[in-house]
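**Student:** I'd like to ask you about the structure that follows.
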Amino acid sequence: MTGWLEGKAVRVIGSDPALADALAKAGATIVTDDTADCLVHVARAEQTRLAHHLSYDEWRGAIAAGLDSRFEAAKAFNGAKRKAGSGGAILFIGSPEQQAGAEQAAAAGALGNLTKSLAVEWARDGVRVNTVLTNDGGPALGAMAAYLLSDYAAYVTGAVMGIGVDD
Amino acid sequence: MAVPAHHIIAEPPPFEQPPYPGDIFDRRTVLVTGGGSGMGLAMGIAFAQGGASVGVMGRSIERAKEGAAKIAALGVPVHAASCDVRDPDQVATAFDAIEKVLGPVSLLANNAGANFPVLTENMSINAWNAVTRIAIDGTFLCSAEFARRREAAGEGGAIVNNSAQYIWTGFPGDAHSAAAKTAQATMTRKLAQDWAPLGIRVNAVAAGFFPHESSTNGNDPEAIAPLQNMIPAGRTGKTHEFGWLSALLCSPLMDGVTGQVILQDGGESLRRSLMMPDFVPPREREDGPWGWK
């Protein structure tokens, strides 16, 4: 229990009970609407088949989950923060770029540079944007996520990182 | 130009509220290279806020002692040792001296560095060697010394390296530091892999501009005021938030985090627009604003 997120409302999109629990233990209140101070979007790669064995629908579904849905969620979050005149923090969590199929390589690469672009576009809204790409789902991810969402990371934005040596 | 009033600037908690309890590094000793001033001193202070004993290594023993005294004011044991990190014998001797007073070193902050803007065509071999060998050889020598001692003790540890925000872009007019700081970052990833079986974690902070008393323009409010609005975050970094991230990465709160290079620059290195001011070759801006003549 670090208290890093005391007083902050965090919305988690995507199922990751362990992560939500870690954020709550860091003091966050988990909410499900646009009142959140922080947005966490979790989408992990689900398939590792070769590209030429994927149907177009499978490909498109993976890109939609790993990239498009994140763009939409982040845009809505930033819009709400601008309207409220308050800052905030966005954290994207996904799988490592090269450890699944081509669809994940595409989505993760795009997400990384989306992160860097949004970080600058929204810097003066006081909205920070970072990404963690990892297969780790344990306490280390929970701790890093809590840190990145907290005010202690006020000068960390546009960072794309992993957790362990395999990321 | 000042940051417009309607822009929102994210600020860290004040110095008195570190992100970890005051005993998180209890009975641990950290060795900070180049710890007498600037970013290294910020690291030493951050570790001290977590209760670590702090060994301060520096080429200048006077400066190392000055830094150690500031860290000691936080109530932790300190010891200053003279060391040129480019010399393996001096590194071993300094480790011995610090361990004799403070006990086994189980945390290492590689901060020692030198940097000064200079055109490559005017850069002497000595200048190239000074900047690259302090960061590259120094990080290798101190890290390897640390790992040998940790392995002999049968215990793990943690290392944090002070890298820079320009490691992904290069730094025209600062090529020696661009090369050196990138080597630190790539070493970070490899050493983390190699030493994972030893229980040694290795991470780095790719730090942006954190004005301090020994940086190029110091921390004079008048000198750094014009810089605030250049940075997407709307401000330069505060040394205590850099120190905290460095110490945090070595703390048990971040167990499992290793091989990472974390950008902490307020978005400075990410600025880009299709239309930008005319390109001026470094050679033709060395005596202009933010030149170095």
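Going through the structure tokens in order, the chains are called A, B, and so on, while each chain numbers its residues from 1 and the ligands are numbered from 1 in the order shown.
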At a cut-off of 8 Å, list the chain B residues touching chain A, using only C-alpha atoms, as a ChimeraX atom specification.
**Tutor:** /B:7-13,19-20,189,192-193,232-234,237,241,253-267,270-271
**Student:** Residues at most 8 Å from Gly34 (chain B), counting only C-alpha atoms, excluding those fewer than 4 positions away in the same chain, as JSON, numbers by chain?
**Tutor:** {"B": [40, 41, 56, 57, 58, 59, 64, 110, 111, 112, 113]}
**Student:** Residues of the last selection are to be written out with N, CA and C atoms, as a PDB file, in the first residue's frame.
**Tutor:**
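selection_11.pdb, freshly written:
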ATOM      1  N   GLY B  40      23.556  13.365  -9.329  1.00  0.00           N
ATOM      2  CA  GLY B  40      24.040  12.321  -8.422  1.00  0.00           C
ATOM      3  C   GLY B  40      23.679  12.645  -6.979  1.00  0.00           C
ATOM      4  N   LEU B  41      23.814  13.908  -6.619  1.00  0.00           N
ATOM      5  CA  LEU B  41      23.435  14.323  -5.269  1.00  0.00           C
ATOM      6  C   LEU B  41      21.933  14.119  -5.063  1.00  0.00           C
ATOM      7  N   VAL B  56      29.315   8.144  -1.324  1.00  0.00           N
ATOM      8  CA  VAL B  56      29.409   9.149  -2.392  1.00  0.00           C
ATOM      9  C   VAL B  56      30.787   9.053  -3.024  1.00  0.00           C
ATOM     10  N   MET B  57      30.813   8.738  -4.307  1.00  0.00           N
ATOM     11  CA  MET B  57      32.074   8.609  -5.017  1.00  0.00           C
ATOM     12  C   MET B  57      32.219   9.791  -5.972  1.00  0.00           C
ATOM     13  N   GLY B  58      33.411  10.353  -6.022  1.00  0.00           N
ATOM     14  CA  GLY B  58      33.628  11.460  -6.951  1.00  0.00           C
ATOM     15  C   GLY B  58      35.093  11.619  -7.278  1.00  0.00           C
ATOM     16  N   ARG B  59      35.368  12.181  -8.441  1.00  0.00           N
ATOM     17  CA  ARG B  59      36.767  12.436  -8.785  1.00  0.00           C
ATOM     18  C   ARG B  59      37.373  13.445  -7.815  1.00  0.00           C
ATOM     19  N   ALA B  64      32.846  15.480  -3.308  1.00  0.00           N
ATOM     20  CA  ALA B  64      32.163  14.297  -2.770  1.00  0.00           C
ATOM     21  C   ALA B  64      31.823  14.495  -1.295  1.00  0.00           C
ATOM     22  N   ASN B 110      24.743   4.649 -11.056  1.00  0.00           N
ATOM     23  CA  ASN B 110      25.788   5.108 -11.967  1.00  0.00           C
ATOM     24  C   ASN B 110      25.390   6.465 -12.548  1.00  0.00           C
ATOM     25  N   ASN B 111      25.982   7.497 -11.973  1.00  0.00           N
ATOM     26  CA  ASN B 111      25.637   8.843 -12.416  1.00  0.00           C
ATOM     27  C   ASN B 111      26.830   9.588 -12.990  1.00  0.00           C
ATOM     28  N   ALA B 112      28.031   9.153 -12.641  1.00  0.00           N
ATOM     29  CA  ALA B 112      29.225   9.918 -13.035  1.00  0.00           C
ATOM     30  C   ALA B 112      29.200  10.205 -14.524  1.00  0.00           C
ATOM     31  N   GLY B 113      29.397  11.448 -14.854  1.00  0.00           N
ATOM     32  CA  GLY B 113      29.380  11.820 -16.262  1.00  0.00           C
ATOM     33  C   GLY B 113      29.984  13.183 -16.444  1.00  0.00           C
TER      34      GLY B 113
END
**Student:** Quick one: everything within 6 Å of region 139-156 of chain B, counting only C-alpha atoms, minus sequence neighbours fewer than 3 positions away in the same chain. Send it as a list in words.
**Tutor:**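 In the requested form, the answer reads Asn110, Ala135, Ile136, Leu198, Gly199 and Ile200 of chain B.
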**Student:** For Phe15 (chain B), which residue out of B:Ala69, B:Val85, B:Ile125, B:Ile45 is the nearest one, using only C-alpha atoms?
**Tutor:**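 Nearest to Phe15 (chain B): B:Ile45.
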**Student:** Using only C-alpha atoms, which residues sit within 9 Å of Val12 (chain A) once same-chain residues fewer than 2 positions away are excluded, as a PyMOL selection string?
**Tutor:** chain A and resi 10+14-16+19-20+30-32+38-42
**Student:** Write a file of the selected residues as an mmCIF file, in the first residue's frame, keeping C-alpha atoms.
**Tutor:**
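In the end it all went to again02.cif:
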data_model
loop_
_atom_site.group_PDB
_atom_site.id
_atom_site.type_symbol
_atom_site.label_atom_id
_atom_site.label_comp_id
_atom_site.auth_asym_id
_atom_site.auth_seq_id
_atom_site.Cartn_x
_atom_site.Cartn_y
_atom_site.Cartn_z
ATOM 1 C CA VAL A 10 -9.203 5.459 -11.984
ATOM 2 C CA GLY A 14 -10.329 -4.161 -20.259
ATOM 3 C CA SER A 15 -10.383 -6.986 -17.808
ATOM 4 C CA ASP A 16 -7.459 -7.147 -15.412
ATOM 5 C CA LEU A 19 -4.232 -4.681 -11.848
ATOM 6 C CA ALA A 20 -7.420 -3.019 -10.635
ATOM 7 C CA ILE A 30 -12.066 2.457 -9.301
ATOM 8 C CA VAL A 31 -14.839 4.088 -11.340
ATOM 9 C CA THR A 32 -16.531 3.282 -14.627
ATOM 10 C CA CYS A 38 -6.857 8.439 -14.743
ATOM 11 C CA LEU A 39 -7.624 6.059 -17.572
ATOM 12 C CA VAL A 40 -6.038 2.613 -17.862
ATOM 13 C CA HIS A 41 -6.686 0.706 -21.057
ATOM 14 C CA VAL A 42 -5.655 -2.944 -21.000
#
**Student:** As an exercise, work out the distance from CA of Ala22 (chain A) to CA of Thr131 (chain A) in Å and give it to one decimal place.
**Tutor:** 17.2 Å
**Student:** Mind giving me the straight-line distance from CA of Pro211 (chain B) to CA of Asn229 (chain B) in Å, one decimal?
**Tutor:**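 So the answer is 14.6 Å.
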**Student:** If I take CA of Gly44 (chain B) and CA of Ser163 (chain B), how far is one from the other in Å, to one decimal?
**Tutor:**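 Those two atoms sit 16.3 Å apart.
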